[in-house]
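Colleague: Structure: protein_15.txt, compact mmCIF, C-alpha atoms.
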```txt
# COMPACT_ATOMS: atom_id res chain seq x y z
CA MET T 7 8.12 31.36 -36.06
CA GLU T 8 8.07 27.91 -37.60
CA LEU T 9 8.85 24.90 -35.42
CA SER T 10 11.61 22.52 -36.44
CA ALA T 11 10.80 18.84 -37.05
CA GLU T 12 12.47 17.95 -33.77
CA ASP T 13 10.36 20.52 -31.82
CA ARG T 14 7.17 19.26 -33.48
CA ASN T 15 8.09 15.69 -32.54
CA LEU T 16 8.77 16.77 -28.94
CA THR T 17 5.44 18.62 -28.72
CA THR T 18 3.60 15.55 -30.03
CA ARG T 19 5.31 13.34 -27.44
CA ARG T 20 4.32 15.78 -24.67
CA VAL T 21 0.69 15.97 -25.78
CA TRP T 22 -0.21 12.37 -26.55
CA PRO T 23 -0.39 11.07 -22.94
CA TRP T 24 -2.92 13.81 -22.10
CA VAL T 25 -4.94 13.12 -25.25
CA ALA T 26 -4.92 9.39 -24.43
CA LEU T 27 -6.01 10.10 -20.83
CA ALA T 28 -8.85 12.38 -22.01
CA ALA T 29 -9.95 9.74 -24.54
CA ILE T 30 -10.00 7.01 -21.84
CA VAL T 31 -12.05 9.22 -19.49
CA VAL T 32 -14.55 10.12 -22.24
CA LEU T 33 -14.84 6.44 -23.21
CA LEU T 34 -15.44 5.36 -19.60
CA ILE T 35 -18.08 8.08 -19.09
CA ALA T 36 -19.84 7.00 -22.30
CA LEU T 37 -19.76 3.38 -21.04
CA ALA T 38 -21.22 4.48 -17.67
CA LEU T 39 -24.04 6.39 -19.40
CA TRP T 40 -24.78 3.42 -21.67
CA LYS T 41 -24.86 0.97 -18.75
CA SER T 42 -27.15 3.26 -16.71
CA ALA T 43 -29.48 3.84 -19.68
CA ARG T 44 -29.62 0.09 -20.35
CA SER T 45 -30.56 -0.72 -16.73
CA SER T 46 -33.11 2.09 -16.73
CA THR T 47 -34.67 0.82 -19.98
CA THR T 48 -34.88 -2.73 -18.60
CA MET T 49 -36.80 -1.39 -15.61
CA SER T 50 -39.25 0.67 -17.64
CA ALA T 51 -39.91 -2.01 -20.28
CA ALA T 52 -43.42 -2.15 -21.72
CA ALA T 53 -45.92 -4.31 -19.87
CA SER T 54 -49.40 -5.61 -20.69
CA ASP T 55 -52.38 -4.66 -18.54
CA ASP T 56 -55.28 -7.02 -17.71
CA GLN T 57 -57.19 -6.25 -20.93
CA GLN T 58 -54.16 -6.79 -23.14
CA PHE T 59 -53.27 -9.99 -21.30
CA ALA T 60 -56.81 -11.33 -21.86
CA GLN T 61 -56.19 -11.13 -25.61
CA THR T 62 -52.92 -13.10 -25.57
CA THR T 63 -52.88 -16.62 -26.95
CA PRO T 64 -50.97 -19.67 -25.62
CA ASP T 65 -47.29 -19.81 -26.71
CA SER T 66 -47.13 -16.03 -27.20
CA VAL T 67 -44.48 -14.02 -25.38
CA THR T 68 -45.79 -11.45 -22.92
CA LYS T 69 -44.45 -8.82 -20.51
CA LEU T 70 -46.27 -8.10 -17.26
CA VAL T 71 -45.81 -6.44 -13.91
CA LEU T 72 -47.08 -8.38 -10.89
CA GLN T 73 -47.20 -7.89 -7.16
CA ILE T 74 -46.46 -11.27 -5.56
CA GLU T 75 -49.18 -12.56 -3.24
CA ASP T 76 -47.90 -16.09 -2.62
CA ALA T 77 -44.35 -17.29 -3.20
CA SER T 78 -44.43 -20.33 -0.94
CA ALA T 79 -44.15 -22.97 -3.71
CA GLU T 80 -40.71 -23.75 -5.14
CA GLY T 81 -40.28 -22.40 -8.69
CA THR T 82 -43.74 -20.77 -8.74
CA PHE T 83 -45.37 -17.62 -7.43
CA ARG T 84 -48.85 -16.14 -7.72
CA GLY T 85 -49.37 -12.42 -8.07
CA ASN T 86 -51.80 -9.65 -8.84
CA LEU T 87 -51.42 -8.19 -12.34
CA LEU T 88 -50.64 -4.46 -12.18
CA ARG T 89 -51.56 -1.76 -14.66
CA LYS T 90 -49.03 1.00 -15.36
CA LYS T 91 -50.23 4.49 -14.47
CA THR T 92 -46.91 6.36 -14.63
CA GLU T 93 -43.27 5.22 -14.75
CA GLU T 94 -43.27 4.88 -10.95
CA ILE T 95 -46.93 4.21 -10.07
CA TYR T 96 -48.84 0.99 -10.83
CA LEU T 97 -52.49 0.15 -10.13
CA ARG T 98 -53.91 -3.18 -8.91
CA THR T 99 -56.26 -5.14 -11.22
CA ALA T 100 -58.71 -8.01 -10.59
CA THR T 101 -56.47 -10.48 -12.47
CA THR T 102 -54.30 -12.97 -10.60
CA LEU T 103 -51.65 -14.98 -12.43
CA THR T 104 -49.27 -17.84 -11.73
CA VAL T 105 -45.65 -17.57 -12.88
CA HIS T 106 -43.27 -20.54 -13.21
CA PHE T 107 -39.51 -20.12 -13.18
CA VAL T 108 -36.43 -22.33 -12.95
CA PRO T 109 -33.02 -21.68 -11.33
CA LYS T 110 -31.70 -20.74 -14.80
CA THR T 111 -34.32 -17.95 -15.20
CA SER T 112 -32.59 -14.58 -15.44
CA ILE T 113 -33.23 -12.36 -12.40
CA VAL T 114 -32.34 -8.70 -13.00
CA MET T 115 -31.96 -5.94 -10.37
CA GLY T 116 -32.17 -8.44 -7.55
CA LYS T 117 -31.84 -12.06 -6.54
CA HIS T 118 -33.96 -15.14 -5.85
CA ALA T 119 -34.54 -14.06 -2.22
CA ASP T 120 -36.28 -10.90 -3.47
CA LEU T 121 -39.18 -13.00 -4.84
CA HIS T 122 -41.32 -12.81 -1.70
CA SER T 123 -44.88 -11.81 -0.86
CA GLY T 124 -45.41 -8.09 -1.62
CA ALA T 125 -42.51 -7.91 -4.07
CA ILE T 126 -43.13 -6.18 -7.41
CA VAL T 127 -41.75 -8.03 -10.42
CA HIS T 128 -41.60 -7.35 -14.15
CA VAL T 129 -42.06 -10.72 -15.85
CA THR T 130 -41.13 -11.63 -19.41
CA GLY T 131 -42.31 -15.10 -20.43
CA THR T 132 -44.46 -17.39 -22.53
CA VAL T 133 -48.22 -17.77 -21.95
CA LEU T 134 -49.09 -21.43 -21.26
CA LYS T 135 -52.39 -23.16 -22.07
CA ASP T 136 -53.60 -22.81 -18.47
CA ARG T 137 -52.93 -19.00 -18.71
CA SER T 138 -49.96 -19.23 -16.37
CA ILE T 139 -46.59 -17.76 -17.43
CA ASP T 140 -43.34 -19.61 -18.06
CA ALA T 141 -40.86 -16.84 -17.15
CA THR T 142 -37.63 -16.24 -19.05
CA GLN T 143 -36.69 -13.02 -17.22
CA LEU T 144 -37.72 -11.49 -13.90
CA VAL T 145 -36.85 -7.87 -13.05
CA ILE T 146 -37.25 -6.93 -9.39
CA LEU T 147 -38.96 -3.51 -9.23
CA THR T 148 -39.60 -3.46 -5.46
CA GLY T 149 -38.59 -0.09 -4.03
CA TYR T 150 -38.45 1.54 -7.45
CA VAL T 151 -42.21 1.64 -8.13
CA GLN T 152 -45.28 2.11 -5.97
CA VAL T 153 -48.62 0.27 -6.08
CA GLN T 154 -51.92 2.07 -5.51
CA MET W 256 -37.04 5.65 -13.93
CA GLY W 257 -35.33 8.96 -14.69
CA SER W 258 -34.28 9.05 -11.03
CA PHE W 259 -32.70 5.61 -11.40
CA PHE W 260 -30.79 6.70 -14.52
CA PHE W 261 -29.44 9.88 -12.93
CA THR W 262 -28.49 8.12 -9.69
CA SER W 263 -26.70 5.34 -11.54
CA ALA W 264 -24.99 7.59 -14.11
CA SER W 265 -23.86 10.19 -11.53
CA GLY W 266 -22.46 7.42 -9.31
CA TRP W 267 -20.42 5.76 -12.06
CA ILE W 268 -19.18 9.10 -13.45
CA ALA W 269 -18.18 10.17 -9.91
CA SER W 270 -16.19 6.91 -9.57
CA ILE W 271 -14.37 7.65 -12.85
CA LEU W 272 -13.68 11.22 -11.71
CA LEU W 273 -12.37 9.96 -8.37
CA SER W 274 -9.85 7.73 -10.20
CA LEU W 275 -8.83 10.67 -12.39
CA GLU W 276 -8.59 12.93 -9.34
CA ILE W 277 -6.19 10.50 -7.64
CA LEU W 278 -4.14 9.97 -10.81
CA LEU W 279 -3.61 13.64 -11.75
CA PRO W 280 -1.12 14.69 -9.01
CA TYR W 281 1.06 11.67 -9.94
CA LEU W 282 1.05 12.77 -13.59
CA LEU W 283 1.65 16.45 -12.84
CA ARG W 284 4.91 16.04 -10.91
CA PRO W 285 8.00 13.93 -11.65
CA THR W 286 7.13 10.39 -10.51
CA ARG W 287 7.74 6.82 -11.68
CA LEU W 288 4.43 7.13 -13.55
CA SER W 289 4.94 10.49 -15.27
CA GLY W 290 8.65 9.94 -16.05
CA PRO W 291 8.34 7.10 -18.59
CA LEU W 292 5.49 9.02 -20.30
CA GLY W 293 7.84 11.98 -20.81
CA LEU W 294 5.50 14.35 -18.96
CA PRO W 295 8.11 16.15 -16.79
CA ARG W 296 9.51 17.79 -19.97
CA SER W 297 6.19 19.58 -20.43
CA TYR W 298 6.18 21.14 -16.93
CA SER W 299 6.64 24.89 -17.39
CA LYS W 300 4.55 26.31 -14.50
CA PRO W 301 5.03 25.74 -10.74
CA TYR W 302 3.46 22.53 -9.36
CA LEU W 303 0.55 24.21 -7.54
CA ARG W 304 -0.45 26.05 -10.73
CA ARG W 305 -0.12 22.89 -12.83
CA LEU W 306 -2.60 21.19 -10.51
CA TRP W 307 -5.61 23.18 -11.78
CA PRO W 308 -7.25 20.07 -13.43
CA HIS W 309 -6.99 18.31 -10.02
CA TYR W 310 -8.75 21.24 -8.32
CA TRP W 311 -11.60 21.42 -10.85
CA ALA W 312 -12.05 17.64 -10.99
CA GLY W 313 -12.38 17.77 -7.19
CA TYR W 314 -15.08 20.44 -7.26
CA LEU W 315 -16.94 18.56 -10.00
CA LEU W 316 -16.61 15.32 -8.02
CA LEU W 317 -18.16 16.97 -4.95
CA ALA W 318 -21.06 18.37 -7.00
CA LEU W 319 -21.68 14.97 -8.65
CA SER W 320 -21.51 13.14 -5.32
CA VAL W 321 -24.05 15.49 -3.72
CA THR W 322 -26.34 15.00 -6.77
CA HIS W 323 -25.82 11.22 -6.53
CA ALA W 324 -26.92 11.30 -2.86
CA TRP W 325 -29.72 13.84 -3.31
CA ILE W 326 -31.72 12.13 -6.11
CA PRO W 327 -32.45 8.81 -4.31
CA MET W 328 -33.19 10.65 -1.06
CA ARG W 329 -35.92 12.62 -2.85
CA ALA W 330 -37.37 9.62 -4.72
CA SER W 331 -39.47 7.75 -2.18
CA GLY W 332 -38.85 4.04 -1.91
CA TYR W 333 -35.40 4.00 -3.50
CA LEU W 334 -33.53 3.63 -0.24
CA LYS W 335 -35.76 0.90 1.18
CA ARG W 336 -34.01 -1.82 -0.86
CA ALA W 337 -30.53 -0.43 -0.40
CA ASN W 338 -28.03 -2.13 1.89
CA ILE W 339 -27.83 0.05 5.02
CA PHE W 340 -24.10 -0.65 5.61
CA GLY W 341 -23.39 0.45 2.05
CA LEU W 342 -25.27 3.70 2.72
CA TRP W 343 -23.22 4.32 5.88
CA PHE W 344 -20.03 3.91 3.85
CA ALA W 345 -21.47 6.30 1.24
CA THR W 346 -22.20 8.84 3.98
CA ALA W 347 -18.65 8.45 5.29
CA ALA W 348 -17.27 8.88 1.75
CA LEU W 349 -19.25 12.09 1.22
CA SER W 350 -18.05 13.48 4.57
CA LEU W 351 -14.44 12.56 3.72
CA LEU W 352 -14.83 14.21 0.32
CA LEU W 353 -15.95 17.47 1.97
CA LEU W 354 -12.91 17.26 4.25
CA GLN W 355 -10.65 16.57 1.25
CA VAL W 356 -11.92 19.66 -0.58
CA THR W 357 -11.28 21.77 2.54
CA LEU W 358 -7.74 20.39 2.89
CA GLY W 359 -7.21 20.86 -0.86
CA LEU W 360 -8.20 24.53 -0.59
CA LEU W 361 -5.68 24.97 2.25
CA LEU W 362 -2.96 23.24 0.22
CA GLN W 363 -3.45 25.65 -2.70
CA ASP W 364 -1.68 28.27 -0.56
CA SER W 365 2.04 27.89 -1.26
CA ARG W 366 2.91 29.77 1.99
CA LEU W 367 1.09 27.23 4.17
CA GLN W 368 3.26 26.52 7.23
CA THR W 369 1.88 23.03 7.97
CA ARG W 370 2.01 21.85 4.35
CA GLU W 371 3.77 18.52 5.03
CA ARG W 372 1.32 17.49 7.73
CA ILE W 373 -1.78 18.50 5.74
CA ARG W 374 -0.46 16.74 2.63
CA GLY W 375 -0.13 13.61 4.78
CA TRP W 376 -3.75 13.92 5.89
CA HIS W 377 -4.82 14.57 2.27
CA TYR W 378 -3.12 11.30 1.26
CA TRP W 379 -4.55 9.13 4.07
CA ILE W 380 -8.05 10.58 3.67
CA MET W 381 -7.79 9.75 -0.07
CA LEU W 382 -7.14 6.10 0.87
CA ALA W 383 -10.05 6.05 3.36
CA LEU W 384 -12.32 7.71 0.79
CA THR W 385 -11.38 5.17 -1.90
CA PHE W 386 -12.03 2.31 0.54
CA SER W 387 -15.45 3.74 1.52
CA VAL W 388 -16.47 4.24 -2.12
CA ALA W 389 -15.35 0.69 -3.02
CA ILE W 390 -17.45 -0.80 -0.18
CA HIS W 391 -20.44 1.40 -1.18
CA ILE W 392 -20.19 0.18 -4.80
CA TRP W 393 -19.83 -3.43 -3.67
CA LEU W 394 -22.87 -3.31 -1.36
CA ASN W 395 -25.20 -0.95 -3.24
CA SER W 396 -24.55 -1.21 -6.99
```
Reformat the file's structure so that it appears as C-alpha cells.
Modeller:
Amino acid sequence: MELSAEDRNLTTRRVWPWVALAAIVVLLIALALWKSARSSTTMSAAASDDQQFAQTTPDSVTKLVLQIEDASAEGTFRGNLLRKKTEEIYLRTATTLTVHFVPKTSIVMGKHADLHSGAIVHVTGTVLKDRSIDATQLVILTGYVQVQ
Amino acid sequence: MGSFFFTSASGWIASILLSLEILLPYLLRPTRLSGPLGLPRSYSKPYLRRLWPHYWAGYLLLALSVTHAWIPMRASGYLKRANIFGLWFATAALSLLLLQVTLGLLLQDSRLQTRERIRGWHYWIMLALTFSVAIHIWLNS
C-alpha cells in the first residue's frame, strides 16, 4: 500500500526528533572518546632517556620524565631523569636536571601545588646552555606511573 | 595509559547515558517537552512498553558505571591522587544507581499496587543520583 504525501510528511515529522536525538548522543560519545584519547596521548607522550638527553644541543626542544627531588625554589625544581620501561613503569637514572618554569607555563593533569618532592612530571621544554630545561608544558604523572 | 583512557571514556559516556536516561521518559509520554516536538502522535503502544529504550539505557548505564569504578580500583596508584570526597560521592551514585535499577524493575510491572509511591522514590533518587554524579565530576575529573 503506497503512503499518501500527507502520511509521508507525518511520518517524517514523527521520526526526525528521534534521529536528531540519536545524532546528538553519537556526537557527544565521539567527543568523549576524542577527549579521553587526547588526555591519554598527552600522558604517554614520548620522552628522552639519559643517553638521548646527553646528545641534545642547547636551544633544542626536548621531552623528559622526571621525579622531583627538590622543589623548594620558586619557579625551579630539580629532579632525577627517568627512563621509560613500560607505559606505567619508569626507572631511575644517574642524571639529575634542573627545570625552570613561569606562572604562564601550562600544567596538565594537575596544578602548581602538585609540583612537590617525589612528584613525577613529564616536561616539555627547551635545553639551555647550562643543560637545564626551560619548560613550556608540565604534565603531572604522579599516581598514574610507578618508579622502580 | 590504557586504564586511564577506559576510565575517562567510560565515565564521560556514562554521564551522557545518564542524561539520555533522564530525558527518555519525558519524551515517551505527553509532556511540555514531547508535545511541541509532535512525539505524542507517534505513541501507538502502552507507556510501559514504549519505555524499552529507558530500560536498556539503564542496564547499559549500570554496566558502564561498574566498569568505570572497577578499572581504577585494579590499576594501582590511580586512586591515590583522587579527591576522597569525590570518590565517596561516586560510591553513593553507584549505590543509588543499583537502587534505581531495582525500582525500575518493579515499575515495569503494570499491576504494581504501590506504583505512585515507587515512582516518587524513582524521581527523588534520580535527583540525588544526578547531584552525586555532578559532585564526583567536579571533584575528580
Colleague: (-41.4, -2.8, -6.6) in this file's frame - what residues fall within 10 Å of it? Use only C-alpha atoms and give the answer as a PyMOL selection string.
Modeller: (chain T and resi 71-74+94-96+124-128+145-153) or (chain W and resi 332-333+336)
Colleague: Show me which bits of chain T are within 7 Å of chain W, counting only C-alpha atoms, as a PyMOL selection string.
Modeller: chain T and resi 20+23+35+38-39+42-43+46+50+93-94+149-150
Colleague: What is the distance between atom CA of His309 of chain W and atom CA of Ile30 of chain T, in Å to one decimal?
Modeller: 16.6 Å
Colleague: Around (-49.3, -16.8, -10.2) in the file's frame, which residues reach within 6 Å when counting all atoms listed in the file? Return as a ChimeraX atom specification?
Modeller: /T:83-85,103-105
Colleague: For atom CA of Val129 of chain T and atom CA of Trp393 of chain W, quote the distance in Å rounded to one decimal.
Modeller: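 Interatomic distance here is 26.4 Å.
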Colleague: Just the residues within 12 Å of Leu354 of chain W, please, counting all atoms listed in the file, with nothing from its chain fewer than 2 positions along; format it as an NGL selection string.
Modeller: :W and (313 or 317 or 347-352 or 356-361 or 373 or 376-381 or 383-384)
Colleague: Residues at most 12 Å from Ile390 of chain W, counting all atoms listed in the file, excluding those fewer than 2 positions away in the same chain, as a PyMOL selection string?
Modeller: chain W and resi 338-348+383-388+392-396
Colleague: Do you know which residues are at most 12 Å from Ser365 of chain W counting only C-alpha atoms, after dropping those on the same chain fewer than 6 positions away, and could you put them as a ChimeraX atom specification?
Modeller: /W:301-304,359,371
Colleague: So that I have them on file, write out the residues from the current selection with C-alpha atoms, as a PDB file, in the frame of the given file.
Modeller:
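Dumped to selection.pdb:
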```pdb
ATOM      1  CA  PRO W 301       5.030  25.740 -10.740  1.00  0.00           C
ATOM      2  CA  TYR W 302       3.460  22.530  -9.360  1.00  0.00           C
ATOM      3  CA  LEU W 303       0.550  24.210  -7.540  1.00  0.00           C
ATOM      4  CA  ARG W 304      -0.450  26.050 -10.730  1.00  0.00           C
ATOM      5  CA  GLY W 359      -7.210  20.860  -0.860  1.00  0.00           C
ATOM      6  CA  GLU W 371       3.770  18.520   5.030  1.00  0.00           C
TER       7      GLU W 371
END
```
Colleague: Using atom CA of Leu362 of chain W and atom CA of Arg374 of chain W as the two end points, give the distance in Å to one decimal.
Modeller: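 Computed distance, atom CA of Leu362 of chain W to atom CA of Arg374 of chain W, equals 7.4 Å.
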Colleague: Each side padded by 4 Å, which centre and which edge lengths in Å (one decimal) define the axis-aligned box around the listed atoms of segment 307-326 of chain W? Give them as AutoDock Vina command-line options.
Modeller:
```
--center_x -18.7 --center_y 17.2 --center_z -8.1 --size_x 34.1 --size_y 20.0 --size_z 18.6
```
Colleague: Restricting the calculation to all atoms listed in the file, which member of T:Val133, T:His122, T:Thr111, T:Asn86 is positioned closest to Thr99 of chain T?
Modeller: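 Going through T:Val133, T:His122, T:Thr111, T:Asn86 one by one, the smallest distance to Thr99 of chain T is for T:Asn86.
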